[in-house]
Amino acid sequence: MLTEMQVLERLRNLRDPEIGRSLGEMGMISSAVIGAGNSITVTIDLPTPAYPRQERITAAVTSAIRESMPDAGPIEISFISNVRGKMSGGSIGLRAKNVIAVGSGKGGVGKSTVAATLAFGLKSLGCKVGLMDADVYGPSIPHMVGSHGMPVAVKHTTATGEEIERIEPVEIDGMKVMSMGYFVKPDQAVIWRGPLLHRAITQFLKDTDWGDLDYLIIDLPPGTGDVTLTLSQLLGLAGAIVVCTPQQVALLDAIKAISMFRQVKIPILGLVENMTGEIFGRGGVRKKAEELGIPFLGELPIDAGIRIRGDDGRIASLFSEDNPSRGPLLGMCEQAAMQLAKQLLETPRMPTLEIL
């Protein structure tokens, strides 16, 4: 008779085909159950619902059992997922397992589109996601997601009887969104110095009721300014994604963004090449990522459909089956989540920085 312990021991050292670490080391073997006729049911605990190509684990686990246990009956592999994270916002009451910043060295490269796409893509894969627009001077997220509501302040009573006020973010298709664009008129300019900017970002993070999230995606303003310093002061971000178009002039500014993230000790999850195609070329970002030793998360095509849906406030519809760009967009979301899972295994927790 086979035993559950035999199955667990056989699979403990089996390497995960995507991350390259053993299933035992990553805590991915949830259970192994022996049934009638030596049937075996193995449950794998994935580090994120965005785990790609699950069939590769199914094949690897099935093969490992068959090779070492010829008496095994039918084998069934099932999956659950529990997102791992730093919980770096716990000190300010933020219940987000992973906070991911999306930045760029310059404007006009589609950073906000990528941030919104990443948020809705991870949500479509089954993750609990929030989207925060930290581009205070040029907030475009409300328009892209098709929302023009107004966050409201709601009073809550704590377990100790204290009454506090929290901001309820706008909810779009079950995803919570916060942006300065909800508080100002479309033609109104925000003219603030650093302290007011710092206060707004703090309120967006600390005083907003985000709930329990797997990922909070933050759309940064372009360039290398105050917002990133504020974020590094408030919490240790799980990682940053740098968006760039393929041409050399854009890559020069992307390198500055990479340098900024490294200086404030924010891990870089990877580079995204946006607007790939005949106009800007192809492959420049992948080549630069290889030179810098940074993961490459994918190419997003220069597709009129993406622009049209963003202009119409229908970014979420990019993940419908009829969208030809759905594959590359989902691929970028999966790679971002997997790079984060890898870095959580390999990178010690970064301390928050104090701004002098």
# chains A, B, ... in the order shown; residues from 1 in each chain; ligands from 1
>>> select_by_dssp(residues="stretch 270-303 of chain A", states="alpha helix (DSSP H)", output="count of residues only")
9
>>> residues_around(residues="A:Val136", least_positions_apart="4", cutoff="9 Å", atoms="only C-alpha atoms", output="ChimeraX atom specification")
/A:179-181,190,197,200-201,220-221
>>> closest_residue(among="A:Thr113, A:Thr230, A:Asn98, A:Gln248", to="A:Pro195", atoms="only C-alpha atoms")
A:Thr230
>>> closest_residue(among="A:Lys111, A:Lys256, A:Arg282, A:Arg56", to="A:Ile302", atoms="only C-alpha atoms")
A:Arg282
>>> residues_around(residues="stretch 270-274 of chain A", least_positions_apart="4", cutoff="7 Å", atoms="only C-alpha atoms", output="list of chain:residue names")
A:Val109, A:Gly110, A:Ile241, A:Val242, A:Val243, A:Cys244, A:Thr245, A:Pro246, A:Val285, A:Ala289, A:Ile294, A:Pro295, A:Phe296, A:Leu297, A:Gly298, A:Glu299, A:Leu300, A:Pro301
>>> residues_around(residues="A:Leu344", least_positions_apart="4", cutoff="12 Å", atoms="only C-alpha atoms", output="list in words")
Ile19, Met26, Pro47, Val83, Arg84, Gly85, Lys86, Met87, Ser88, Lys97, Asn98, Leu237, Ala238, Gly239, Pro267, Ile268, Leu269, Ala337, Met338, Gln339, Leu340, Pro348, Arg349 and Met350 of chain A
>>> closest_residue(among="A:Gln54, A:Gly277, A:Tyr137, A:Thr224", to="A:Leu196", atoms="only C-alpha atoms")
A:Tyr137
>>> select_by_dssp(residues="stretch 242-272 of chain A", states="strand (DSSP E)", output="list in words")
Val242, Val243, Cys244, Ile268, Leu269, Gly270, Leu271 and Val272 of chain A
>>> closest_residue(among="A:Gly236, A:Gly174, A:Gly35, A:Pro186", to="A:Gly130", atoms="only C-alpha atoms")
A:Gly174
>>> residues_around(residues="A:Ala64", least_positions_apart="6", cutoff="8 Å", atoms="only C-alpha atoms", output="list in words")
Arg10, Leu11 and Leu14 of chain A
>>> write_last_selection(atoms="N, CA and C atoms", output="mmCIF file, in the first residue's frame")
data_model
loop_
_atom_site.group_PDB
_atom_site.id
_atom_site.type_symbol
_atom_site.label_atom_id
_atom_site.label_comp_id
_atom_site.auth_asym_id
_atom_site.auth_seq_id
_atom_site.Cartn_x
_atom_site.Cartn_y
_atom_site.Cartn_z
ATOM 1 N N ARG A 10 8.500 12.086 -2.153
ATOM 2 C CA ARG A 10 8.924 12.027 -3.565
ATOM 3 C C ARG A 10 8.810 13.387 -4.234
ATOM 4 N N LEU A 11 7.795 14.178 -3.843
ATOM 5 C CA LEU A 11 7.561 15.457 -4.524
ATOM 6 C C LEU A 11 8.305 16.620 -3.880
ATOM 7 N N LEU A 14 11.072 17.981 -5.996
ATOM 8 C CA LEU A 14 10.748 18.226 -7.400
ATOM 9 C C LEU A 14 10.758 19.727 -7.669
#
>>> closest_residue(among="A:Met332, A:Ile80, A:Ala341, A:Ile217", to="A:Ala115", atoms="only C-alpha atoms")
A:Ile217
>>> closest_residue(among="A:Leu216, A:Leu252, A:Val152, A:Val61", to="A:Arg12", atoms="only C-alpha atoms")
A:Val61
>>> residues_around(residues="A:Ile308", least_positions_apart="6", cutoff="12 Å", atoms="only C-alpha atoms", output="PDB file with N, CA and C atoms, in the first residue's frame")
ATOM      1  N   THR A 113      -1.531  53.367 -18.822  1.00  0.00           N
ATOM      2  CA  THR A 113      -2.230  52.270 -19.499  1.00  0.00           C
ATOM      3  C   THR A 113      -1.717  50.926 -19.001  1.00  0.00           C
ATOM      4  N   MET A 144      -9.567  56.327 -17.781  1.00  0.00           N
ATOM      5  CA  MET A 144      -9.270  55.038 -18.417  1.00  0.00           C
ATOM      6  C   MET A 144     -10.183  53.915 -17.929  1.00  0.00           C
ATOM      7  N   ILE A 302       1.608  47.992 -30.299  1.00  0.00           N
ATOM      8  CA  ILE A 302       1.020  49.303 -30.570  1.00  0.00           C
ATOM      9  C   ILE A 302      -0.266  49.043 -31.352  1.00  0.00           C
ATOM     10  N   ARG A 314     -12.722  51.837 -21.102  1.00  0.00           N
ATOM     11  CA  ARG A 314     -13.041  50.400 -21.090  1.00  0.00           C
ATOM     12  C   ARG A 314     -11.775  49.546 -21.021  1.00  0.00           C
ATOM     13  N   ILE A 315     -10.826  49.951 -20.187  1.00  0.00           N
ATOM     14  CA  ILE A 315      -9.585  49.186 -20.054  1.00  0.00           C
ATOM     15  C   ILE A 315      -9.869  47.737 -19.646  1.00  0.00           C
ATOM     16  N   SER A 317     -12.117  45.804 -20.547  1.00  0.00           N
ATOM     17  CA  SER A 317     -12.555  44.966 -21.662  1.00  0.00           C
ATOM     18  C   SER A 317     -11.388  44.448 -22.503  1.00  0.00           C
ATOM     19  N   LEU A 318     -10.157  44.915 -22.222  1.00  0.00           N
ATOM     20  CA  LEU A 318      -8.999  44.392 -22.942  1.00  0.00           C
ATOM     21  C   LEU A 318      -8.806  42.901 -22.702  1.00  0.00           C
ATOM     22  N   ASN A 323     -10.500  40.263 -27.863  1.00  0.00           N
ATOM     23  CA  ASN A 323      -9.421  41.240 -28.033  1.00  0.00           C
ATOM     24  C   ASN A 323      -8.143  40.542 -28.509  1.00  0.00           C
TER      25      ASN A 323
END
>>> residues_around(residues="A:Pro49", least_positions_apart="4", cutoff="12 Å", atoms="only C-alpha atoms", output="VMD selection string")
chain A and resid 44 to 45 53 to 54 79 to 84 121 to 129 214 to 215 333 to 335 337 to 338 341
>>> decode(residues="stretch 269-284 of chain A", atoms="N, CA and C atoms", output="PDB file, in the first residue's frame")
ATOM      1  N   LEU A 269      11.069  44.623 -10.551  1.00  0.00           N
ATOM      2  CA  LEU A 269      10.492  43.363 -11.016  1.00  0.00           C
ATOM      3  C   LEU A 269      10.789  43.120 -12.479  1.00  0.00           C
ATOM      4  N   GLY A 270      10.923  44.188 -13.255  1.00  0.00           N
ATOM      5  CA  GLY A 270      11.230  44.003 -14.660  1.00  0.00           C
ATOM      6  C   GLY A 270      10.864  45.196 -15.516  1.00  0.00           C
ATOM      7  N   LEU A 271      11.194  45.072 -16.799  1.00  0.00           N
ATOM      8  CA  LEU A 271      10.905  46.092 -17.805  1.00  0.00           C
ATOM      9  C   LEU A 271       9.789  45.609 -18.727  1.00  0.00           C
ATOM     10  N   VAL A 272       8.935  46.533 -19.122  1.00  0.00           N
ATOM     11  CA  VAL A 272       7.874  46.256 -20.093  1.00  0.00           C
ATOM     12  C   VAL A 272       8.113  47.107 -21.319  1.00  0.00           C
ATOM     13  N   GLU A 273       8.111  46.474 -22.486  1.00  0.00           N
ATOM     14  CA  GLU A 273       8.213  47.222 -23.737  1.00  0.00           C
ATOM     15  C   GLU A 273       6.801  47.505 -24.234  1.00  0.00           C
ATOM     16  N   ASN A 274       6.428  48.777 -24.239  1.00  0.00           N
ATOM     17  CA  ASN A 274       5.099  49.180 -24.680  1.00  0.00           C
ATOM     18  C   ASN A 274       5.166  49.774 -26.082  1.00  0.00           C
ATOM     19  N   MET A 275       4.042  49.683 -26.804  1.00  0.00           N
ATOM     20  CA  MET A 275       3.919  50.233 -28.166  1.00  0.00           C
ATOM     21  C   MET A 275       4.909  49.582 -29.130  1.00  0.00           C
ATOM     22  N   THR A 276       5.097  48.285 -28.980  1.00  0.00           N
ATOM     23  CA  THR A 276       5.958  47.536 -29.893  1.00  0.00           C
ATOM     24  C   THR A 276       5.324  47.489 -31.282  1.00  0.00           C
ATOM     25  N   GLY A 277       6.117  47.760 -32.315  1.00  0.00           N
ATOM     26  CA  GLY A 277       5.592  47.688 -33.679  1.00  0.00           C
ATOM     27  C   GLY A 277       6.426  48.489 -34.643  1.00  0.00           C
ATOM     28  N   GLU A 278       5.860  48.750 -35.801  1.00  0.00           N
ATOM     29  CA  GLU A 278       6.615  49.379 -36.887  1.00  0.00           C
ATOM     30  C   GLU A 278       7.037  50.804 -36.550  1.00  0.00           C
ATOM     31  N   ILE A 279       6.232  51.537 -35.785  1.00  0.00           N
ATOM     32  CA  ILE A 279       6.518  52.949 -35.548  1.00  0.00           C
ATOM     33  C   ILE A 279       7.751  53.128 -34.665  1.00  0.00           C
ATOM     34  N   PHE A 280       7.768  52.473 -33.508  1.00  0.00           N
ATOM     35  CA  PHE A 280       8.869  52.640 -32.559  1.00  0.00           C
ATOM     36  C   PHE A 280       9.896  51.516 -32.632  1.00  0.00           C
ATOM     37  N   GLY A 281       9.597  50.481 -33.390  1.00  0.00           N
ATOM     38  CA  GLY A 281      10.522  49.362 -33.479  1.00  0.00           C
ATOM     39  C   GLY A 281      10.178  48.269 -32.485  1.00  0.00           C
ATOM     40  N   ARG A 282      11.087  47.311 -32.359  1.00  0.00           N
ATOM     41  CA  ARG A 282      10.843  46.159 -31.476  1.00  0.00           C
ATOM     42  C   ARG A 282      12.165  45.654 -30.915  1.00  0.00           C
ATOM     43  N   GLY A 283      12.137  45.229 -29.664  1.00  0.00           N
ATOM     44  CA  GLY A 283      13.277  44.531 -29.087  1.00  0.00           C
ATOM     45  C   GLY A 283      14.260  45.383 -28.313  1.00  0.00           C
ATOM     46  N   GLY A 284      14.137  46.700 -28.376  1.00  0.00           N
ATOM     47  CA  GLY A 284      15.098  47.555 -27.688  1.00  0.00           C
ATOM     48  C   GLY A 284      15.065  47.383 -26.172  1.00  0.00           C
TER      49      GLY A 284
END
